[in-house]
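One structure is given here, and the rest of the page talks about it.
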Amino acid sequence: MSHAIGVDVGGTFTDAVLSGPDGRMSVAKCLSTHDDPTDGIVTAVTAVLARTDPSAVTRVVHATTLATNAVLERRGVRVAYVTTLGFRSAIPLGRYARVEEDRYDLRFDPPAPPVAAEDCFEVPERVNSRGEVLRPLDEAAVVRVGEEIARRGVTAVAVCLLHSYANPAHERRIAEILGALVPTVVISSEVWPELREYERATTTIMSAYVGPVMAGYLRRLTARLAAVGITAPVHVMDSAGGVMSAELAARRAVTTIESGPAAGVLAAAATGYPDVISFDMGGTTAKTCVIRDGTPEITHEFHVGGKGSFGGRRAGTGVPVKTPAIDLAEVGAGGGSVAWVDPAGALRAGPRSAGSEPGPACYGLGGEEPTVTDANLVLGYLDPASFAGGTMPLSRALAEKAVDRHLAGPLGVSRAEAAHAVHEIANASMGSAVHVVTVQRGIDPAGFVMVAFGGAGPMHAARVASRFGISTVVVPAYCGVGSAAGLLSGDLSTDRVLSALDADPGQVFAALATAAARDLGVSPDSPGVSVTRSADMRFTGQAHDLTVPWTDSPTELAGRFSARYLQVYGIAQEGPTEIVGYRVRVTQAAARAPRSPATPGPPAPAGLPGAGTADGGVTRPARRRSAYFPEAGGYVEVPVFTRAGLGEVAGPAIVEDAESTIVVPPGWTARLAEAMSVILTEAAR
């Protein structure tokens with residue numbers, strides 16, 4: 001009997017979900033271990049297995065922020081950069097846009113480049129945009145460069161030559177020469193052969209920077225799982241929501257930079273609503289994404305390591321990476337976000353997070369600063385006894401002490417007012433992420449359904465949705481471990497791209513599909529394997545392009561491009577077009593157990609005295625407790641339900657899960673729907 005495990009490592013918690021052959025799920029949540037994430041993974045996996053034989057596990061799917069953290073914390077390996085003679089300064093010069101907090105800073109210093117100027121090298125060679133060799137490669141110069149790199153102790157090299165997407169021969173030869181001198185050599189023609197030299201170079205550099213870190217981590221994880229009896233292959237989610245083998249993830253580590261957030265978006269898309277705004281709030285960050293017609297928005301370039309970019313769409317706010325990724329907006333607002341009073345006396349929340357070490361004050365692990373979780377506990381939204389399924393009791397006394405000392409006292413307000421202000425500031429911060437993916441892109445969010453998940457998301461979702469006129473919020477089953485559950489819906493897939501002008505589309509697509517299928521160890525013609533083709537197009541004379549689904553009809557292809565152009569820019573433009581690049585995505589459908597309609601929902605949270613009942617449409621709460629709702633005059637006694645015991649109830653109310661808590665504000669109603677989802681609906685305003 002086969003089982004599958006999904007594991008999501010977040011900044012505060014590590015979540016694991018076990019799916020059995022009948023579709024039934026069990027979940028586990030534990031604190032993340034930042035010194036070695038595999039410790040937390042093994043703890044969560046061991047807990048979720050319980051009485052299940054580890055040898056019955058046939059698939060492990062993992063989402064990780066390892067690559068992202070390596071970039072943000074500068075924990076990758078030292079990289080040397082090799083390029084065409086005359087272009088070594090492109091990386092040290094870089095590109096940077098001043099964001100809000102830097103805009104008027106007279107002492108502004110740009111961030112350090114991804115490779116130090118002294119580690120940038122150039123070799124004599126030249127190829128033009130059509131792949132014609134203008135100057136042969138000077139192999140003796142390559143040897144001298146390699147010897148100097150090795151002498152400096154640099155262990156990874158990123159090679160990006162001018163126009164190598166059109167002719168990779170010189171890059172491949174350099175890789176052969178340098179490979180005898182340096183352990184890791186990454187070339188742009190294998191990582192992402194697209195035009196735009198700077199972006200292709202930084203993508204290659206990032207792959208070399210995090211690749212050895214990812215390879216070592218995945219080897220260690222595989223060994224740790226084998227030690228507990230799990231010998232199933234380990235798969236890793238990529239930034240676009242696909243799944244790849246651990247070996248491929250190590251070779252193309254740059255594609256996993258947005259691995260963690262992508263899994264949650266898949267869980268939101270799996271709810272079946274066509275137009276969705278996914279809202280994922282964990283312990284460290286909150287992430288949003290637009291899903292239209294059941295498909296998440298995909299971007300082919302994002303930025304990492306910057307600030308103020310809300311996930312990377314703003315050019316110049318980090319290091320650009322050219323690889324497909326689910327188009328997310330992300331802000332530093334999570335349950336562990338620290339609340340503080342700035343020198344001007346204004347209350348702030350985040351972006352700094354208490355994480356899992358020491359964690360919020362209420363965890364009792366040594367943290368003394370108040371966080372969003374502490375504020376929610378003071379407000380009565382959280383039950384100290386049932387947090388994280390009852391496995392981690394919270395201390396209300398420590399939360400109150402932190403709020404009083406650091407917030408209420410300095411501000412001269414009551415404890416409840418300070419805590420509620422923290423809650424509202426977190427809502428406003430998360431609202432800015434929703435604004436980025438909707439209003440700023442010409443999308444009216446009022447026509448969408450918000451799907452909320454993550455350990456803290458359902459507590460804040462209704463308030464955030466109300467800011468945008470979104471009247472329906474869906475909280476799916478297992479919402480507290482939504483990203484881990486979403487991992488199990490990912491198919492094995494990989495992408496290939498090639499910039500090519502005046503090429504034969506059939507030949508290019510065939511070559512790309514063969515290469516992508518080889519990455520997955522399958523054939524493009526194998527059963528269960530699908531190949532999706534698309535093209536990068538632009539109006540002739542323009543500098544930038546848009547990606548559209550491929551068709552062999554030139555007229556239909558031009559129509560698709562015009563429609564996409566109108567959707568993105570709001571302009572009905574006409575004129576001659578050209579194709580500048582080709583893309584394929586090869587997917588092998590993963591075997592999944594069908595979810596039985598009789599599959600029960602999540603168990604009642606541990607520690608509750610009763611599950612509550614819903615008889616004849618009359619919902620009876622499991623109990624009541626005091627919670628803060630300003631519309632109701634402050635602290636009021638509100639009913640507390642379990643998901644299984646919920647029928648339909650008007651707010652204010654609270655619904656508790658084993659892994660999360662749903663807050664139903666006044667003016668909203670909550671009801672239990674199919675697949676154990678809870679639907680929150682706001683009355684017409």
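Chain identifiers are assigned as A, B, and so on, following the order in which chains appear in the structure tokens; residues are numbered from 1 within each chain, and ligands are numbered from 1 in order of appearance.
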Next on the checklist: as a VMD selection string, please: every residue in range 447-539 of chain A that a backbone DSSP assignment puts in helix (DSSP H, G or I).
Outcome noted: chain A and resid 447 457 to 466 479 to 487 505 to 520
Checklist entry - Could you name the residues that touch Arg75 in chain A at 9 Å or less, counting only C-alpha atoms, but leaving out those on the same chain fewer than 6 positions away, as a count of residues only? => result 4
Could the residues of range 233-310 of chain A that have an atom at most 10 Å from range 568-591 of chain A be listed as CSV, each with its closest atom pair and the distance in Å to one decimal, counting only C-alpha atoms and ordered by chain and ascending residue number?
```
residue,atom,partner,partner_atom,distance
A:Gly242,CA,A:Thr587,CA,8.1
A:Val243,CA,A:Thr587,CA,9.0
A:Met244,CA,A:Thr587,CA,9.9
```
Kindly save the residues from that selection, with all heavy atoms included, as a PDB file, in the first residue's frame.
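Saved to part28.pdb:
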```
ATOM      1  N   GLY A 242       5.962  23.055 -10.554  1.00  0.00           N
ATOM      2  CA  GLY A 242       6.241  21.693 -10.984  1.00  0.00           C
ATOM      3  C   GLY A 242       7.110  20.987  -9.964  1.00  0.00           C
ATOM      4  O   GLY A 242       7.548  21.561  -8.970  1.00  0.00           O
ATOM      5  N   VAL A 243       7.369  19.713 -10.202  1.00  0.00           N
ATOM      6  CA  VAL A 243       8.164  18.903  -9.292  1.00  0.00           C
ATOM      7  C   VAL A 243       9.277  18.245 -10.077  1.00  0.00           C
ATOM      8  O   VAL A 243       9.059  17.761 -11.192  1.00  0.00           O
ATOM      9  CB  VAL A 243       7.284  17.836  -8.594  1.00  0.00           C
ATOM     10  CG1 VAL A 243       8.139  16.882  -7.778  1.00  0.00           C
ATOM     11  CG2 VAL A 243       6.246  18.501  -7.702  1.00  0.00           C
ATOM     12  N   MET A 244      10.480  18.254  -9.506  1.00  0.00           N
ATOM     13  CA  MET A 244      11.620  17.635 -10.177  1.00  0.00           C
ATOM     14  C   MET A 244      12.359  16.727  -9.201  1.00  0.00           C
ATOM     15  O   MET A 244      12.171  16.815  -7.987  1.00  0.00           O
ATOM     16  CB  MET A 244      12.575  18.705 -10.714  1.00  0.00           C
ATOM     17  CG  MET A 244      13.193  19.589  -9.645  1.00  0.00           C
ATOM     18  SD  MET A 244      14.341  20.823 -10.312  1.00  0.00           S
ATOM     19  CE  MET A 244      13.213  21.881 -11.180  1.00  0.00           C
TER      20      MET A 244
END
```
Shell of 8 Å around Pro296 in chain A, only C-alpha atoms, local chain residues under 3 positions omitted, as an mmCIF file with N, CA, C and O atoms, in the first residue's frame:
```cif
data_model
loop_
_atom_site.group_PDB
_atom_site.id
_atom_site.type_symbol
_atom_site.label_atom_id
_atom_site.label_comp_id
_atom_site.auth_asym_id
_atom_site.auth_seq_id
_atom_site.Cartn_x
_atom_site.Cartn_y
_atom_site.Cartn_z
ATOM 1 N N VAL A 265 0.165 27.988 -3.533
ATOM 2 C CA VAL A 265 -0.682 28.456 -4.627
ATOM 3 C C VAL A 265 -1.376 27.274 -5.301
ATOM 4 O O VAL A 265 -2.550 27.354 -5.683
ATOM 5 N N LEU A 266 -0.666 26.156 -5.443
ATOM 6 C CA LEU A 266 -1.291 24.960 -6.020
ATOM 7 C C LEU A 266 -2.449 24.481 -5.157
ATOM 8 O O LEU A 266 -3.479 24.034 -5.668
ATOM 9 N N ALA A 269 -5.348 26.717 -5.905
ATOM 10 C CA ALA A 269 -5.926 26.408 -7.218
ATOM 11 C C ALA A 269 -6.737 25.117 -7.174
ATOM 12 O O ALA A 269 -7.718 24.962 -7.917
ATOM 13 N N CYS A 289 -1.202 35.567 -4.530
ATOM 14 C CA CYS A 289 -1.053 35.283 -5.954
ATOM 15 C C CYS A 289 -2.431 35.301 -6.596
ATOM 16 O O CYS A 289 -3.429 34.935 -5.960
ATOM 17 N N VAL A 290 -2.493 35.736 -7.850
ATOM 18 C CA VAL A 290 -3.742 35.732 -8.605
ATOM 19 C C VAL A 290 -3.832 34.448 -9.422
ATOM 20 O O VAL A 290 -2.883 34.067 -10.122
ATOM 21 N N ILE A 291 -4.981 33.776 -9.327
ATOM 22 C CA ILE A 291 -5.268 32.573 -10.115
ATOM 23 C C ILE A 291 -6.467 32.891 -10.996
ATOM 24 O O ILE A 291 -7.540 33.229 -10.479
ATOM 25 N N ARG A 292 -6.292 32.815 -12.303
ATOM 26 C CA ARG A 292 -7.384 33.101 -13.238
ATOM 27 C C ARG A 292 -7.674 31.870 -14.075
ATOM 28 O O ARG A 292 -6.765 31.226 -14.587
ATOM 29 N N ILE A 326 5.839 31.131 -10.247
ATOM 30 C CA ILE A 326 4.497 31.618 -9.937
ATOM 31 C C ILE A 326 4.615 33.056 -9.458
ATOM 32 O O ILE A 326 5.463 33.388 -8.633
ATOM 33 N N ASP A 327 3.783 33.926 -10.023
ATOM 34 C CA ASP A 327 3.896 35.364 -9.811
ATOM 35 C C ASP A 327 3.312 35.753 -8.459
ATOM 36 O O ASP A 327 2.117 35.980 -8.318
#
```
Checklist entry - For Gly10 in chain A, which residue out of A:Thr46, A:Ser356, A:Ser386, A:Thr371 is the nearest one, using only C-alpha atoms? => result A:Ser356
Item to check | Surrounding residues of Arg74 in chain A excluding itself and chain neighbours under 6 positions, 12 Å, only C-alpha atoms, as a PyMOL selection string | outcome: chain A and resi 66-68+111-115+206+209-210+213+304-306
Residues from last step as file, all heavy atoms, as an mmCIF file, in the first residue's frame:
```
data_model
loop_
_atom_site.group_PDB
_atom_site.id
_atom_site.type_symbol
_atom_site.label_atom_id
_atom_site.label_comp_id
_atom_site.auth_asym_id
_atom_site.auth_seq_id
_atom_site.Cartn_x
_atom_site.Cartn_y
_atom_site.Cartn_z
ATOM 1 N N LEU A 66 15.513 26.976 1.081
ATOM 2 C CA LEU A 66 16.963 26.940 1.240
ATOM 3 C C LEU A 66 17.656 27.865 0.253
ATOM 4 O O LEU A 66 18.535 28.644 0.621
ATOM 5 C CB LEU A 66 17.472 25.507 1.069
ATOM 6 C CG LEU A 66 18.971 25.334 1.320
ATOM 7 C CD1 LEU A 66 19.250 25.282 2.806
ATOM 8 C CD2 LEU A 66 19.498 24.066 0.655
ATOM 9 N N ALA A 67 17.268 27.793 -1.037
ATOM 10 C CA ALA A 67 17.915 28.628 -2.041
ATOM 11 C C ALA A 67 17.634 30.104 -1.784
ATOM 12 O O ALA A 67 18.528 30.953 -1.895
ATOM 13 C CB ALA A 67 17.446 28.225 -3.440
ATOM 14 N N THR A 68 16.383 30.420 -1.440
ATOM 15 C CA THR A 68 16.037 31.810 -1.146
ATOM 16 C C THR A 68 16.856 32.333 0.023
ATOM 17 O O THR A 68 17.422 33.439 -0.041
ATOM 18 C CB THR A 68 14.544 31.918 -0.797
ATOM 19 O OG1 THR A 68 13.784 31.289 -1.823
ATOM 20 C CG2 THR A 68 14.114 33.358 -0.657
ATOM 21 N N PRO A 111 23.652 47.868 -3.069
ATOM 22 C CA PRO A 111 24.078 46.576 -2.514
ATOM 23 C C PRO A 111 25.279 46.031 -3.273
ATOM 24 O O PRO A 111 25.534 46.392 -4.429
ATOM 25 C CB PRO A 111 22.840 45.692 -2.707
ATOM 26 C CG PRO A 111 22.114 46.312 -3.865
ATOM 27 C CD PRO A 111 22.348 47.786 -3.744
ATOM 28 N N ALA A 112 25.997 45.155 -2.611
ATOM 29 C CA ALA A 112 27.165 44.539 -3.249
ATOM 30 C C ALA A 112 26.719 43.676 -4.423
ATOM 31 O O ALA A 112 25.661 43.047 -4.380
ATOM 32 C CB ALA A 112 27.915 43.689 -2.230
ATOM 33 N N PRO A 113 27.499 43.634 -5.503
ATOM 34 C CA PRO A 113 27.140 42.788 -6.651
ATOM 35 C C PRO A 113 27.217 41.317 -6.278
ATOM 36 O O PRO A 113 27.881 40.945 -5.294
ATOM 37 C CB PRO A 113 28.201 43.160 -7.693
ATOM 38 C CG PRO A 113 29.363 43.654 -6.901
ATOM 39 C CD PRO A 113 28.778 44.339 -5.700
ATOM 40 N N PRO A 114 26.553 40.446 -7.030
ATOM 41 C CA PRO A 114 26.575 39.013 -6.692
ATOM 42 C C PRO A 114 27.955 38.383 -6.809
ATOM 43 O O PRO A 114 28.211 37.348 -6.204
ATOM 44 C CB PRO A 114 25.587 38.399 -7.685
ATOM 45 C CG PRO A 114 25.504 39.387 -8.803
ATOM 46 C CD PRO A 114 25.694 40.732 -8.194
ATOM 47 N N VAL A 115 28.831 38.985 -7.609
ATOM 48 C CA VAL A 115 30.224 38.530 -7.705
ATOM 49 C C VAL A 115 31.121 39.753 -7.554
ATOM 50 O O VAL A 115 30.896 40.782 -8.199
ATOM 51 C CB VAL A 115 30.508 37.832 -9.052
ATOM 52 C CG1 VAL A 115 31.987 37.461 -9.165
ATOM 53 C CG2 VAL A 115 29.650 36.584 -9.206
ATOM 54 N N MET A 206 23.528 32.925 -9.951
ATOM 55 C CA MET A 206 22.720 32.441 -8.835
ATOM 56 C C MET A 206 22.681 30.918 -8.794
ATOM 57 O O MET A 206 22.663 30.308 -7.726
ATOM 58 C CB MET A 206 21.306 33.002 -8.929
ATOM 59 C CG MET A 206 21.162 34.467 -8.570
ATOM 60 S SD MET A 206 21.588 34.842 -6.846
ATOM 61 C CE MET A 206 23.248 35.505 -7.043
ATOM 62 N N TYR A 209 25.876 29.869 -7.371
ATOM 63 C CA TYR A 209 25.966 30.330 -5.988
ATOM 64 C C TYR A 209 25.244 29.394 -5.022
ATOM 65 O O TYR A 209 25.758 29.066 -3.952
ATOM 66 C CB TYR A 209 25.371 31.738 -5.911
ATOM 67 C CG TYR A 209 25.468 32.427 -4.571
ATOM 68 C CD1 TYR A 209 26.698 32.835 -4.067
ATOM 69 C CD2 TYR A 209 24.340 32.693 -3.825
ATOM 70 C CE1 TYR A 209 26.800 33.487 -2.849
ATOM 71 C CE2 TYR A 209 24.419 33.348 -2.603
ATOM 72 C CZ TYR A 209 25.652 33.742 -2.122
ATOM 73 O OH TYR A 209 25.745 34.390 -0.920
ATOM 74 N N VAL A 210 24.047 28.948 -5.400
ATOM 75 C CA VAL A 210 23.259 28.112 -4.485
ATOM 76 C C VAL A 210 23.319 26.629 -4.839
ATOM 77 O O VAL A 210 22.909 25.788 -4.033
ATOM 78 C CB VAL A 210 21.781 28.565 -4.449
ATOM 79 C CG1 VAL A 210 21.683 30.005 -4.022
ATOM 80 C CG2 VAL A 210 21.099 28.362 -5.805
ATOM 81 N N VAL A 213 25.219 24.357 -2.360
ATOM 82 C CA VAL A 213 24.485 24.340 -1.089
ATOM 83 C C VAL A 213 23.282 23.416 -1.198
ATOM 84 O O VAL A 213 23.019 22.590 -0.309
ATOM 85 C CB VAL A 213 24.043 25.762 -0.702
ATOM 86 C CG1 VAL A 213 23.212 25.739 0.579
ATOM 87 C CG2 VAL A 213 25.246 26.674 -0.536
ATOM 88 N N VAL A 304 15.601 38.611 -6.694
ATOM 89 C CA VAL A 304 15.816 38.072 -5.355
ATOM 90 C C VAL A 304 16.909 38.870 -4.657
ATOM 91 O O VAL A 304 17.784 39.449 -5.296
ATOM 92 C CB VAL A 304 16.219 36.580 -5.403
ATOM 93 C CG1 VAL A 304 15.104 35.736 -5.962
ATOM 94 C CG2 VAL A 304 17.495 36.389 -6.214
ATOM 95 N N GLY A 305 16.814 38.887 -3.320
ATOM 96 C CA GLY A 305 17.847 39.527 -2.535
ATOM 97 C C GLY A 305 17.692 41.015 -2.383
ATOM 98 O O GLY A 305 18.526 41.674 -1.764
ATOM 99 N N GLY A 306 16.603 41.599 -2.932
ATOM 100 C CA GLY A 306 16.394 43.031 -2.802
ATOM 101 C C GLY A 306 15.388 43.330 -1.720
ATOM 102 O O GLY A 306 15.061 42.496 -0.888
#
```
Checklist entry - Which residues in range 162-199 of chain A does DSSP call strand (DSSP E or B)? List them as a ChimeraX atom specification. => result /A:184-187
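Candidate residues A:Ile41, A:His163, A:Gly272, A:Glu297 were compared for distance to Arg441 in chain A, and the nearest is A:Glu297, using only C-alpha atoms.
When the distance limit is 7 Å and only C-alpha atoms are what count, the residues near Val331 in chain A, minus those fewer than 3 positions from it on the same chain, are A:Thr285, A:Ala286, A:Lys287, A:Phe310, A:Met430, A:Ala433.
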Let me see the file: selected residues, N, CA and C atoms, as an mmCIF file, in the first residue's frame.
```
data_model
loop_
_atom_site.group_PDB
_atom_site.id
_atom_site.type_symbol
_atom_site.label_atom_id
_atom_site.label_comp_id
_atom_site.auth_asym_id
_atom_site.auth_seq_id
_atom_site.Cartn_x
_atom_site.Cartn_y
_atom_site.Cartn_z
ATOM 1 N N THR A 285 6.301 35.222 6.747
ATOM 2 C CA THR A 285 5.862 36.068 5.638
ATOM 3 C C THR A 285 4.410 35.769 5.280
ATOM 4 N N ALA A 286 3.846 36.682 4.491
ATOM 5 C CA ALA A 286 2.527 36.460 3.885
ATOM 6 C C ALA A 286 2.694 36.589 2.380
ATOM 7 N N LYS A 287 2.041 35.705 1.634
ATOM 8 C CA LYS A 287 2.206 35.659 0.187
ATOM 9 C C LYS A 287 0.841 35.635 -0.492
ATOM 10 N N PHE A 310 8.178 43.353 -3.131
ATOM 11 C CA PHE A 310 6.955 42.567 -2.954
ATOM 12 C C PHE A 310 6.973 41.301 -3.801
ATOM 13 N N MET A 430 -0.370 43.091 4.760
ATOM 14 C CA MET A 430 -0.757 42.014 3.848
ATOM 15 C C MET A 430 -1.673 42.529 2.746
ATOM 16 N N ALA A 433 0.238 43.566 -0.284
ATOM 17 C CA ALA A 433 0.609 42.489 -1.204
ATOM 18 C C ALA A 433 -0.534 42.165 -2.151
#
```
Need to verify the contact set: Ala418 in chain A, 7 Å, only C-alpha atoms, exclusion of same-chain residues closer than 4 positions in sequence. Can you return it as an mmCIF file with all heavy atoms, in the first residue's frame?
```
data_model
loop_
_atom_site.group_PDB
_atom_site.id
_atom_site.type_symbol
_atom_site.label_atom_id
_atom_site.label_comp_id
_atom_site.auth_asym_id
_atom_site.auth_seq_id
_atom_site.Cartn_x
_atom_site.Cartn_y
_atom_site.Cartn_z
ATOM 1 N N LEU A 407 4.858 47.749 24.012
ATOM 2 C CA LEU A 407 3.899 48.455 23.169
ATOM 3 C C LEU A 407 2.946 49.330 23.974
ATOM 4 O O LEU A 407 2.941 50.551 23.831
ATOM 5 C CB LEU A 407 3.101 47.443 22.329
ATOM 6 C CG LEU A 407 3.904 46.484 21.446
ATOM 7 C CD1 LEU A 407 2.962 45.555 20.701
ATOM 8 C CD2 LEU A 407 4.798 47.244 20.485
ATOM 9 N N ALA A 408 2.126 48.721 24.809
ATOM 10 C CA ALA A 408 1.090 49.475 25.518
ATOM 11 C C ALA A 408 1.694 50.557 26.400
ATOM 12 O O ALA A 408 1.227 51.709 26.413
ATOM 13 C CB ALA A 408 0.230 48.522 26.342
ATOM 14 N N VAL A 413 -1.379 53.355 25.848
ATOM 15 C CA VAL A 413 -2.704 52.836 25.526
ATOM 16 C C VAL A 413 -2.917 51.547 26.298
ATOM 17 O O VAL A 413 -2.007 51.010 26.936
ATOM 18 C CB VAL A 413 -2.862 52.583 24.007
ATOM 19 C CG1 VAL A 413 -2.686 53.870 23.224
ATOM 20 C CG2 VAL A 413 -1.863 51.521 23.529
ATOM 21 N N SER A 414 -4.136 51.022 26.228
ATOM 22 C CA SER A 414 -4.429 49.774 26.927
ATOM 23 C C SER A 414 -3.801 48.594 26.198
ATOM 24 O O SER A 414 -3.431 48.676 25.025
ATOM 25 C CB SER A 414 -5.937 49.563 27.033
ATOM 26 O OG SER A 414 -6.486 49.273 25.757
ATOM 27 N N VAL A 422 -1.646 46.096 16.469
ATOM 28 C CA VAL A 422 -0.698 45.190 15.809
ATOM 29 C C VAL A 422 -1.427 44.323 14.789
ATOM 30 O O VAL A 422 -0.957 44.124 13.657
ATOM 31 C CB VAL A 422 0.029 44.316 16.851
ATOM 32 C CG1 VAL A 422 0.863 43.237 16.155
ATOM 33 C CG2 VAL A 422 0.899 45.174 17.748
#
```
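What separates CA of Gly380 in chain A from CA of Asp342 in chain A is a distance of 26.2 Å.
Distance annotation: of A:Thr52, A:Ser553, A:Thr284, A:Asn128, the residue with the minimal separation from Ser32 in chain A is A:Thr284; atom set is only C-alpha atoms.
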